[in-house]
>>> print(open('target.pdb').read())   # PDB, C-alpha atoms
ATOM      1  CA  MET R 279      -0.849  -9.805 -28.913  1.00  0.00           C
ATOM      2  CA  LEU R 280      -4.056  -8.818 -27.159  1.00  0.00           C
ATOM      3  CA  THR R 281      -4.929  -5.134 -27.127  1.00  0.00           C
ATOM      4  CA  ASP R 282      -6.015  -3.049 -24.154  1.00  0.00           C
ATOM      5  CA  ALA R 283      -9.433  -2.743 -25.807  1.00  0.00           C
ATOM      6  CA  VAL R 284      -9.987  -6.475 -25.379  1.00  0.00           C
ATOM      7  CA  TYR R 285      -9.367  -6.268 -21.644  1.00  0.00           C
ATOM      8  CA  GLN R 286     -11.422  -3.093 -21.285  1.00  0.00           C
ATOM      9  CA  SER R 287     -14.407  -4.757 -22.955  1.00  0.00           C
ATOM     10  CA  LEU R 288     -14.656  -7.235 -20.076  1.00  0.00           C
ATOM     11  CA  SER R 289     -15.528  -6.658 -16.449  1.00  0.00           C
ATOM     12  CA  PHE R 290     -12.812  -7.500 -13.924  1.00  0.00           C
ATOM     13  CA  PRO R 291     -12.176  -6.233 -10.391  1.00  0.00           C
ATOM     14  CA  SER R 292      -9.553  -3.542  -9.973  1.00  0.00           C
ATOM     15  CA  LEU R 293      -6.181  -4.295  -8.448  1.00  0.00           C
ATOM     16  CA  PRO R 294      -5.907  -3.213  -4.820  1.00  0.00           C
ATOM     17  CA  PRO R 295      -4.258   0.212  -4.556  1.00  0.00           C
ATOM     18  CA  ASP R 296      -0.546   0.077  -3.862  1.00  0.00           C
ATOM     19  CA  GLN R 297       0.443   0.832  -0.335  1.00  0.00           C
ATOM     20  CA  GLU R 298       3.524   2.866   0.410  1.00  0.00           C
ATOM     21  CA  GLU R 299       6.411   1.438  -1.570  1.00  0.00           C
ATOM     22  CA  LYS R 300       9.230  -0.111   0.419  1.00  0.00           C
ATOM     23  CA  ASP R 301      12.860  -0.146  -0.559  1.00  0.00           C
ATOM     24  CA  TRP R 302      13.981  -3.602  -1.608  1.00  0.00           C
ATOM     25  CA  HIS R 303      16.917  -5.126   0.233  1.00  0.00           C
ATOM     26  CA  TYR R 304      18.696  -8.346  -0.666  1.00  0.00           C
ATOM     27  CA  HIS R 305      17.792 -10.057   2.605  1.00  0.00           C
ATOM     28  CA  MET R 306      14.078  -9.644   1.820  1.00  0.00           C
ATOM     29  CA  ARG R 307      14.279 -12.449  -0.734  1.00  0.00           C
ATOM     30  CA  ARG R 308      14.502 -14.865   2.215  1.00  0.00           C
ATOM     31  CA  SER R 309      11.100 -13.798   3.567  1.00  0.00           C
ATOM     32  CA  MET R 310       7.577 -13.675   2.151  1.00  0.00           C
ATOM     33  CA  GLN R 311       5.800 -10.621   0.789  1.00  0.00           C
ATOM     34  CA  GLU R 312       2.081  -9.892   0.522  1.00  0.00           C
ATOM     35  CA  ILE R 313       1.292  -9.402  -3.176  1.00  0.00           C
ATOM     36  CA  VAL R 314      -2.410  -8.636  -2.875  1.00  0.00           C
ATOM     37  CA  PRO R 315      -4.426  -8.800   0.347  1.00  0.00           C
ATOM     38  CA  CYS R 316      -4.263 -12.299   1.847  1.00  0.00           C
ATOM     39  CA  ILE R 317      -1.960 -13.726  -0.851  1.00  0.00           C
ATOM     40  CA  TYR R 318       1.754 -14.073  -0.103  1.00  0.00           C
ATOM     41  CA  LEU R 319       4.731 -15.128  -2.198  1.00  0.00           C
ATOM     42  CA  GLY R 320       8.030 -16.308  -0.788  1.00  0.00           C
ATOM     43  CA  PRO R 321      10.776 -18.924  -0.558  1.00  0.00           C
ATOM     44  CA  TYR R 322      10.958 -22.184   1.344  1.00  0.00           C
ATOM     45  CA  ALA R 323      12.917 -20.271   3.986  1.00  0.00           C
ATOM     46  CA  ALA R 324       9.602 -18.674   4.985  1.00  0.00           C
ATOM     47  CA  VAL R 325       8.078 -22.022   5.995  1.00  0.00           C
ATOM     48  CA  THR R 326      10.919 -23.864   7.712  1.00  0.00           C
ATOM     49  CA  LYS R 327      10.251 -25.488  11.067  1.00  0.00           C
ATOM     50  CA  ASN R 328      11.292 -22.406  13.020  1.00  0.00           C
ATOM     51  CA  LYS R 329       8.797 -20.159  11.191  1.00  0.00           C
ATOM     52  CA  LEU R 330       5.521 -21.482  12.586  1.00  0.00           C
ATOM     53  CA  GLU R 331       4.895 -18.476  14.807  1.00  0.00           C
ATOM     54  CA  VAL R 332       5.691 -16.058  11.977  1.00  0.00           C
ATOM     55  CA  LEU R 333       3.177 -17.808   9.736  1.00  0.00           C
ATOM     56  CA  LYS R 334       0.560 -17.681  12.476  1.00  0.00           C
ATOM     57  CA  GLU R 335       1.243 -13.999  13.119  1.00  0.00           C
ATOM     58  CA  HIS R 336       0.538 -13.273   9.456  1.00  0.00           C
ATOM     59  CA  GLY R 337      -2.669 -15.302   9.607  1.00  0.00           C
ATOM     60  CA  ILE R 338      -1.595 -17.892   7.039  1.00  0.00           C
ATOM     61  CA  THR R 339      -4.102 -20.753   6.731  1.00  0.00           C
ATOM     62  CA  HIS R 340      -3.216 -22.324   3.350  1.00  0.00           C
ATOM     63  CA  ILE R 341       0.135 -23.065   1.701  1.00  0.00           C
ATOM     64  CA  VAL R 342       1.010 -23.982  -1.881  1.00  0.00           C
ATOM     65  CA  CYS R 343       4.325 -25.860  -1.838  1.00  0.00           C
ATOM     66  CA  ILE R 344       6.084 -26.135  -5.222  1.00  0.00           C
ATOM     67  CA  ARG R 345       9.227 -28.246  -5.451  1.00  0.00           C
ATOM     68  CA  HIS R 346      11.421 -30.378  -7.697  1.00  0.00           C
ATOM     69  CA  PRO R 347      10.619 -34.082  -7.199  1.00  0.00           C
ATOM     70  CA  ILE R 348      14.147 -34.732  -5.945  1.00  0.00           C
ATOM     71  CA  GLU R 349      13.603 -32.042  -3.292  1.00  0.00           C
ATOM     72  CA  ALA R 350      10.681 -33.906  -1.734  1.00  0.00           C
ATOM     73  CA  ASN R 351      12.659 -34.982   1.336  1.00  0.00           C
ATOM     74  CA  LEU R 352      13.864 -31.433   1.947  1.00  0.00           C
ATOM     75  CA  ILE R 353      11.055 -29.163   0.752  1.00  0.00           C
ATOM     76  CA  LYS R 354       7.853 -30.511   2.231  1.00  0.00           C
ATOM     77  CA  PRO R 355       4.861 -29.523   4.355  1.00  0.00           C
ATOM     78  CA  ASN R 356       6.283 -28.920   7.809  1.00  0.00           C
ATOM     79  CA  PHE R 357       2.999 -28.108   9.549  1.00  0.00           C
ATOM     80  CA  PRO R 358       0.223 -30.340   8.150  1.00  0.00           C
ATOM     81  CA  GLN R 359      -1.582 -30.092  11.473  1.00  0.00           C
ATOM     82  CA  ASN R 360      -1.728 -26.288  11.247  1.00  0.00           C
ATOM     83  CA  PHE R 361      -2.312 -25.449   7.587  1.00  0.00           C
ATOM     84  CA  ARG R 362      -3.964 -26.881   4.518  1.00  0.00           C
ATOM     85  CA  TYR R 363      -1.434 -27.699   1.803  1.00  0.00           C
ATOM     86  CA  LEU R 364      -1.410 -28.089  -1.949  1.00  0.00           C
ATOM     87  CA  THR R 365       1.886 -29.673  -3.021  1.00  0.00           C
ATOM     88  CA  LEU R 366       3.071 -29.650  -6.641  1.00  0.00           C
ATOM     89  CA  ASP R 367       6.159 -31.437  -7.944  1.00  0.00           C
ATOM     90  CA  ILE R 368       7.399 -29.162 -10.734  1.00  0.00           C
ATOM     91  CA  ILE R 369      10.892 -28.795 -12.180  1.00  0.00           C
ATOM     92  CA  ASP R 370      12.197 -25.273 -12.751  1.00  0.00           C
ATOM     93  CA  LYS R 371      13.170 -25.681 -16.401  1.00  0.00           C
ATOM     94  CA  PRO R 372      11.852 -24.023 -19.579  1.00  0.00           C
ATOM     95  CA  THR R 373      10.354 -27.238 -20.978  1.00  0.00           C
ATOM     96  CA  GLU R 374       8.303 -28.038 -17.864  1.00  0.00           C
ATOM     97  CA  PRO R 375       4.533 -27.779 -18.492  1.00  0.00           C
ATOM     98  CA  ILE R 376       2.807 -25.623 -15.893  1.00  0.00           C
ATOM     99  CA  LEU R 377      -0.045 -23.914 -17.749  1.00  0.00           C
ATOM    100  CA  GLU R 378      -2.474 -26.774 -17.143  1.00  0.00           C
ATOM    101  CA  PHE R 379      -2.080 -26.371 -13.382  1.00  0.00           C
ATOM    102  CA  PHE R 380      -2.923 -22.658 -13.188  1.00  0.00           C
ATOM    103  CA  PRO R 381      -6.663 -23.368 -12.682  1.00  0.00           C
ATOM    104  CA  MET R 382      -5.933 -25.848  -9.892  1.00  0.00           C
ATOM    105  CA  VAL R 383      -3.877 -23.342  -7.929  1.00  0.00           C
ATOM    106  CA  LYS R 384      -6.411 -20.581  -8.555  1.00  0.00           C
ATOM    107  CA  GLU R 385      -9.192 -22.790  -7.213  1.00  0.00           C
ATOM    108  CA  PHE R 386      -7.121 -23.542  -4.098  1.00  0.00           C
ATOM    109  CA  ILE R 387      -6.508 -19.815  -3.554  1.00  0.00           C
ATOM    110  CA  GLU R 388     -10.173 -18.940  -4.063  1.00  0.00           C
ATOM    111  CA  GLU R 389     -11.238 -21.614  -1.603  1.00  0.00           C
ATOM    112  CA  CYS R 390      -8.854 -20.094   0.936  1.00  0.00           C
ATOM    113  CA  LEU R 391     -10.211 -16.585   0.380  1.00  0.00           C
ATOM    114  CA  HIS R 392     -13.799 -17.834   0.497  1.00  0.00           C
ATOM    115  CA  HIS R 393     -13.131 -19.065   4.034  1.00  0.00           C
ATOM    116  CA  LYS R 394     -11.492 -15.746   5.005  1.00  0.00           C
ATOM    117  CA  GLY R 395      -8.026 -17.304   5.085  1.00  0.00           C
ATOM    118  CA  LYS R 396      -4.612 -16.266   3.837  1.00  0.00           C
ATOM    119  CA  VAL R 397      -2.407 -18.253   1.491  1.00  0.00           C
ATOM    120  CA  LEU R 398       1.343 -18.444   0.926  1.00  0.00           C
ATOM    121  CA  ILE R 399       2.688 -19.712  -2.400  1.00  0.00           C
ATOM    122  CA  HIS R 400       6.320 -20.788  -2.158  1.00  0.00           C
ATOM    123  CA  GLY R 401       8.923 -22.747  -4.076  1.00  0.00           C
ATOM    124  CA  ASN R 402      12.569 -23.108  -3.186  1.00  0.00           C
ATOM    125  CA  GLY R 403      13.679 -19.533  -3.802  1.00  0.00           C
ATOM    126  CA  GLY R 404      10.310 -17.900  -4.473  1.00  0.00           C
ATOM    127  CA  ILE R 405      11.661 -16.582  -7.767  1.00  0.00           C
ATOM    128  CA  SER R 406      10.502 -18.642 -10.764  1.00  0.00           C
ATOM    129  CA  ARG R 407       7.962 -21.420 -10.189  1.00  0.00           C
ATOM    130  CA  SER R 408       5.924 -19.946  -7.354  1.00  0.00           C
ATOM    131  CA  ALA R 409       6.145 -16.471  -8.890  1.00  0.00           C
ATOM    132  CA  SER R 410       4.694 -17.842 -12.134  1.00  0.00           C
ATOM    133  CA  PHE R 411       1.626 -19.170 -10.346  1.00  0.00           C
ATOM    134  CA  VAL R 412       1.065 -15.887  -8.530  1.00  0.00           C
ATOM    135  CA  ILE R 413       1.396 -13.999 -11.818  1.00  0.00           C
ATOM    136  CA  ALA R 414      -1.132 -16.354 -13.444  1.00  0.00           C
ATOM    137  CA  TYR R 415      -3.559 -15.733 -10.591  1.00  0.00           C
ATOM    138  CA  ILE R 416      -3.172 -11.954 -10.903  1.00  0.00           C
ATOM    139  CA  MET R 417      -3.684 -12.170 -14.672  1.00  0.00           C
ATOM    140  CA  GLU R 418      -6.903 -14.138 -14.528  1.00  0.00           C
ATOM    141  CA  THR R 419      -8.402 -12.531 -11.439  1.00  0.00           C
ATOM    142  CA  TYR R 420      -7.829  -8.925 -12.474  1.00  0.00           C
ATOM    143  CA  GLY R 421      -7.909  -9.295 -16.260  1.00  0.00           C
ATOM    144  CA  LEU R 422      -4.321  -8.245 -16.897  1.00  0.00           C
ATOM    145  CA  SER R 423      -1.678  -9.148 -19.450  1.00  0.00           C
ATOM    146  CA  TYR R 424       1.379 -11.135 -18.471  1.00  0.00           C
ATOM    147  CA  GLN R 425       3.606  -8.058 -18.613  1.00  0.00           C
ATOM    148  CA  LYS R 426       1.390  -5.924 -16.382  1.00  0.00           C
ATOM    149  CA  SER R 427       0.961  -8.768 -13.906  1.00  0.00           C
ATOM    150  CA  PHE R 428       4.692  -9.442 -13.811  1.00  0.00           C
ATOM    151  CA  LEU R 429       5.465  -5.788 -13.097  1.00  0.00           C
ATOM    152  CA  TYR R 430       2.827  -5.652 -10.382  1.00  0.00           C
ATOM    153  CA  VAL R 431       4.194  -8.714  -8.590  1.00  0.00           C
ATOM    154  CA  GLN R 432       7.764  -7.498  -9.054  1.00  0.00           C
ATOM    155  CA  GLN R 433       6.886  -4.279  -7.228  1.00  0.00           C
ATOM    156  CA  LYS R 434       6.160  -6.405  -4.164  1.00  0.00           C
ATOM    157  CA  ARG R 435       8.896  -9.027  -4.589  1.00  0.00           C
ATOM    158  CA  TYR R 436      11.643  -7.544  -6.711  1.00  0.00           C
ATOM    159  CA  CYS R 437      13.672 -10.746  -7.082  1.00  0.00           C
ATOM    160  CA  ILE R 438      11.110 -12.691  -9.137  1.00  0.00           C
ATOM    161  CA  ASN R 439      12.414 -14.060 -12.434  1.00  0.00           C
ATOM    162  CA  PRO R 440      10.317 -16.781 -14.128  1.00  0.00           C
ATOM    163  CA  ASN R 441      12.327 -18.835 -16.604  1.00  0.00           C
ATOM    164  CA  GLU R 442      11.729 -18.219 -20.311  1.00  0.00           C
ATOM    165  CA  GLY R 443       9.566 -21.302 -20.736  1.00  0.00           C
ATOM    166  CA  PHE R 444       7.255 -20.241 -17.933  1.00  0.00           C
ATOM    167  CA  VAL R 445       7.049 -16.754 -19.447  1.00  0.00           C
ATOM    168  CA  ARG R 446       5.927 -18.227 -22.770  1.00  0.00           C
ATOM    169  CA  GLN R 447       3.249 -20.292 -21.054  1.00  0.00           C
ATOM    170  CA  LEU R 448       2.009 -17.278 -19.115  1.00  0.00           C
ATOM    171  CA  GLN R 449       1.749 -15.323 -22.350  1.00  0.00           C
ATOM    172  CA  GLU R 450      -0.122 -18.226 -23.936  1.00  0.00           C
ATOM    173  CA  TYR R 451      -2.514 -18.204 -20.984  1.00  0.00           C
ATOM    174  CA  GLU R 452      -3.805 -14.698 -21.776  1.00  0.00           C
ATOM    175  CA  PRO R 453      -6.154 -15.660 -24.654  1.00  0.00           C
ATOM    176  CA  ILE R 454      -7.063 -18.921 -22.905  1.00  0.00           C
ATOM    177  CA  TYR R 455      -8.411 -17.358 -19.729  1.00  0.00           C
ATOM    178  CA  LEU R 456     -10.033 -14.487 -21.652  1.00  0.00           C
ATOM    179  CA  ALA R 457     -11.859 -16.876 -23.980  1.00  0.00           C
ATOM    180  CA  ARG R 458     -13.053 -18.940 -21.034  1.00  0.00           C
ATOM    181  CA  TYR R 459     -14.203 -15.813 -19.239  1.00  0.00           C
ATOM    182  CA  GLN R 460     -16.141 -14.630 -22.293  1.00  0.00           C
ATOM    183  CA  GLN R 461     -17.792 -18.026 -22.729  1.00  0.00           C
ATOM    184  CA  GLN R 462     -18.969 -18.097 -19.154  1.00  0.00           C
ATOM    185  CA  GLY R 463     -20.321 -14.567 -19.295  1.00  0.00           C
ATOM    186  CA  GLN R 464     -19.551 -11.661 -17.071  1.00  0.00           C
ATOM    187  CA  THR R 465     -19.807 -12.345 -13.357  1.00  0.00           C
ATOM    188  CA  SER R 466     -19.900 -10.159 -10.299  1.00  0.00           C
ATOM    189  CA  SER R 467     -16.483  -8.686  -9.613  1.00  0.00           C
ATOM    190  CA  SER R 468     -17.007  -9.139  -5.893  1.00  0.00           C
ATOM    191  CA  GLY R 469     -18.343 -12.698  -5.975  1.00  0.00           C
ATOM    192  CA  ILE R 470     -16.449 -15.888  -5.387  1.00  0.00           C
ATOM    193  CA  TYR R 471     -17.306 -18.322  -8.122  1.00  0.00           C
ATOM    194  CA  LYS R 472     -16.252 -21.749  -9.196  1.00  0.00           C
ATOM    195  CA  ARG R 473     -15.239 -22.692 -12.693  1.00  0.00           C
ATOM    196  CA  LYS R 474     -15.203 -25.993 -14.526  1.00  0.00           C
ATOM    197  CA  TYR R 475     -11.973 -26.646 -16.347  1.00  0.00           C
ATOM    198  CA  GLU R 476     -11.025 -29.096 -19.014  1.00  0.00           C
ATOM    199  CA  ILE R 477      -7.376 -29.712 -18.243  1.00  0.00           C
ATOM    200  CA  ASP R 478      -5.156 -31.744 -20.502  1.00  0.00           C
ATOM    201  CA  ASP R 479      -3.615 -34.246 -18.132  1.00  0.00           C
ATOM    202  CA  GLU R 480      -1.200 -35.656 -20.673  1.00  0.00           C
ATOM    203  CA  ASN R 481       1.664 -34.722 -18.384  1.00  0.00           C
ATOM    204  CA  SER R 482      -0.118 -35.310 -15.093  1.00  0.00           C
ATOM    205  CA  ASP R 483       2.370 -38.008 -14.175  1.00  0.00           C
ATOM    206  CA  LEU R 484       4.965 -35.256 -13.895  1.00  0.00           C
ATOM    207  CA  VAL R 485       3.108 -33.540 -11.090  1.00  0.00           C
ATOM    208  CA  LYS R 486       1.924 -35.012  -7.840  1.00  0.00           C
ATOM    209  CA  ARG R 487      -0.860 -33.272  -6.002  1.00  0.00           C
ATOM    210  CA  ASP R 488      -1.131 -33.757  -2.271  1.00  0.00           C
ATOM    211  CA  TYR R 489      -3.722 -32.226   0.023  1.00  0.00           C
ATOM    212  CA  PHE R 490      -2.918 -32.286   3.701  1.00  0.00           C
ATOM    213  CA  ASN R 491      -5.229 -31.669   6.628  1.00  0.00           C
ATOM    214  CA  THR R 492      -8.336 -31.008   4.578  1.00  0.00           C
ATOM    215  CA  ASN R 493     -10.371 -29.948   7.592  1.00  0.00           C
ATOM    216  CA  VAL R 494      -7.952 -28.183   9.911  1.00  0.00           C
ATOM    217  CA  SER R 495     -10.740 -26.494  11.797  1.00  0.00           C
ATOM    218  CA  ASN R 496     -12.259 -29.851  12.696  1.00  0.00           C
ATOM    219  CA  SER R 497      -9.028 -31.505  13.812  1.00  0.00           C
TER
END
>>> encode(input="target.pdb", output="structure tokens")
Amino acid sequence: MLTDAVYQSLSFPSLPPDQEEKDWHYHMRRSMQEIVPCIYLGPYAAVTKNKLEVLKEHGITHIVCIRHPIEANLIKPNFPQNFRYLTLDIIDKPTEPILEFFPMVKEFIEECLHHKGKVLIHGNGGISRSASFVIAYIMETYGLSYQKSFLYVQQKRYCINPNEGFVRQLQEYEPIYLARYQQQGQTSSSGIYKRKYEIDDENSDLVKRDYFNTNVSNS
């Protein structure tokens, strides 16, 4: 297990200060929550066809849609003309490989932030798959362990509960992203930078990646 000294020896930006805590109510699991500025986590219920105005009101510009392959006809991009999408077909089961796709989602999020946008990451319930990707982003961006990142995200969306296989992969990701960060050298905590990844695509046939409306502003 990595010690706090390892994290402290590297330079990462600080987490945004917590705003006033809100009481969690059961009905909130059906809506999206802002985890850090401009990054939201929620369920598919937050992006159904009657939620376009809500998404616009929150300034959403990018959406990561995570679904089971058999859900493709039900859980899909509803507004390709309004938002840029990244769609991942991932099964919510402990044996499903997701670690190799953390860099892809992080790059999509960073591109969104670079263009002053806001991104929503959602699955079906916004509890396991999508939460895992948000946790991975928090870990790598702010130099945190899985446990600290999980607790931080849970403060904003109490119902998150990644399955045990996803938890193991998130824990495995700690030394991976730290080693990569050390190899690339320390970078400005305020800069937006791109990284080159070597991703094992052995299981790439399990995940389909779809980009919709690449240039929304030019449409």
>>> residues_around(input="target.pdb", residues="stretch 439-441 of chain R", least_positions_apart="4", cutoff="10 Å", atoms="only C-alpha atoms", output="ChimeraX atom specification")
/R:370-373,404-411,413,428,432,435,445-446,448
>>> residues_near_point(input="target.pdb", point="(3.9, -19.8, 10.6)", cutoff="12 Å", atoms="all atoms listed in the file", output="ChimeraX atom specification")
/R:309-310,322-341,355-361,396-398
>>> atom_distance(input="target.pdb", atom1="atom CA of R:Thr419", atom2="atom CA of R:Phe290")
7.1 Å
>>> residues_around(input="target.pdb", residues="R:Pro321", least_positions_apart="4", cutoff="6 Å", atoms="all atoms listed in the file", output="PDB file with C-alpha atoms, keeping the file's coordinate frame")
ATOM      1  CA  HIS R 400       6.320 -20.788  -2.158  1.00  0.00           C
ATOM      2  CA  GLY R 401       8.923 -22.747  -4.076  1.00  0.00           C
ATOM      3  CA  ASN R 402      12.569 -23.108  -3.186  1.00  0.00           C
ATOM      4  CA  GLY R 403      13.679 -19.533  -3.802  1.00  0.00           C
ATOM      5  CA  GLY R 404      10.310 -17.900  -4.473  1.00  0.00           C
TER       6      GLY R 404
END
>>> residues_around(input="target.pdb", residues="R:Val314", least_positions_apart="6", cutoff="10 Å", atoms="all atoms listed in the file", output="ChimeraX atom specification")
/R:293-296,412,416,430-431,434
>>> atom_distance(input="target.pdb", atom1="atom CA of R:Leu429", atom2="atom CA of R:Ile353")
27.7 Å
>>> resolve_selection(input="target.pdb", expression="the PyMOL selection byres ((chain R and resi 389) around 12)", output="MDAnalysis selection string")
chainID R and resid 339:341 362 364 382:388 390:397 470:473 492
>>> resolve_selection(input="target.pdb", expression="the PyMOL selection byres ((chain R and resi 349) around 12)", output="mmCIF file with C-alpha atoms, in the coordinates of the input")
data_model
loop_
_atom_site.group_PDB
_atom_site.id
_atom_site.type_symbol
_atom_site.label_atom_id
_atom_site.label_comp_id
_atom_site.auth_asym_id
_atom_site.auth_seq_id
_atom_site.Cartn_x
_atom_site.Cartn_y
_atom_site.Cartn_z
ATOM 1 C CA TYR R 322 10.958 -22.184 1.344
ATOM 2 C CA CYS R 343 4.325 -25.860 -1.838
ATOM 3 C CA ILE R 344 6.084 -26.135 -5.222
ATOM 4 C CA ARG R 345 9.227 -28.246 -5.451
ATOM 5 C CA HIS R 346 11.421 -30.378 -7.697
ATOM 6 C CA PRO R 347 10.619 -34.082 -7.199
ATOM 7 C CA ILE R 348 14.147 -34.732 -5.945
ATOM 8 C CA ALA R 350 10.681 -33.906 -1.734
ATOM 9 C CA ASN R 351 12.659 -34.982 1.336
ATOM 10 C CA LEU R 352 13.864 -31.433 1.947
ATOM 11 C CA ILE R 353 11.055 -29.163 0.752
ATOM 12 C CA LYS R 354 7.853 -30.511 2.231
ATOM 13 C CA PRO R 355 4.861 -29.523 4.355
ATOM 14 C CA THR R 365 1.886 -29.673 -3.021
ATOM 15 C CA LEU R 366 3.071 -29.650 -6.641
ATOM 16 C CA ASP R 367 6.159 -31.437 -7.944
ATOM 17 C CA ILE R 368 7.399 -29.162 -10.734
ATOM 18 C CA ILE R 369 10.892 -28.795 -12.180
ATOM 19 C CA ASP R 370 12.197 -25.273 -12.751
ATOM 20 C CA GLY R 401 8.923 -22.747 -4.076
ATOM 21 C CA ASN R 402 12.569 -23.108 -3.186
#
>>> closest_residue(input="target.pdb", among="R:Tyr436, R:Gln311, R:Tyr455, R:Tyr318", to="R:Glu378", atoms="only C-alpha atoms")
R:Tyr455
>>> closest_residue(input="target.pdb", among="R:Ile317, R:Ile376, R:Ile438, R:Ile399", to="R:Glu450", atoms="only C-alpha atoms")
R:Ile376
>>> atom_distance(input="target.pdb", atom1="atom CA of R:Leu422", atom2="atom CA of R:Pro381")
15.9 Å
>>> axis_aligned_box(input="target.pdb", around="stretch 446-451 of chain R", padding_each_side="4 Å", output="JSON")
{"center_x": 1.7, "center_y": -17.8, "center_z": -21.5, "size_x": 16.4, "size_y": 13.0, "size_z": 12.8}
>>> closest_residue(input="target.pdb", among="R:Gln461, R:Lys300, R:Gln447, R:His305", to="R:Phe380", atoms="only C-alpha atoms")
R:Gln447
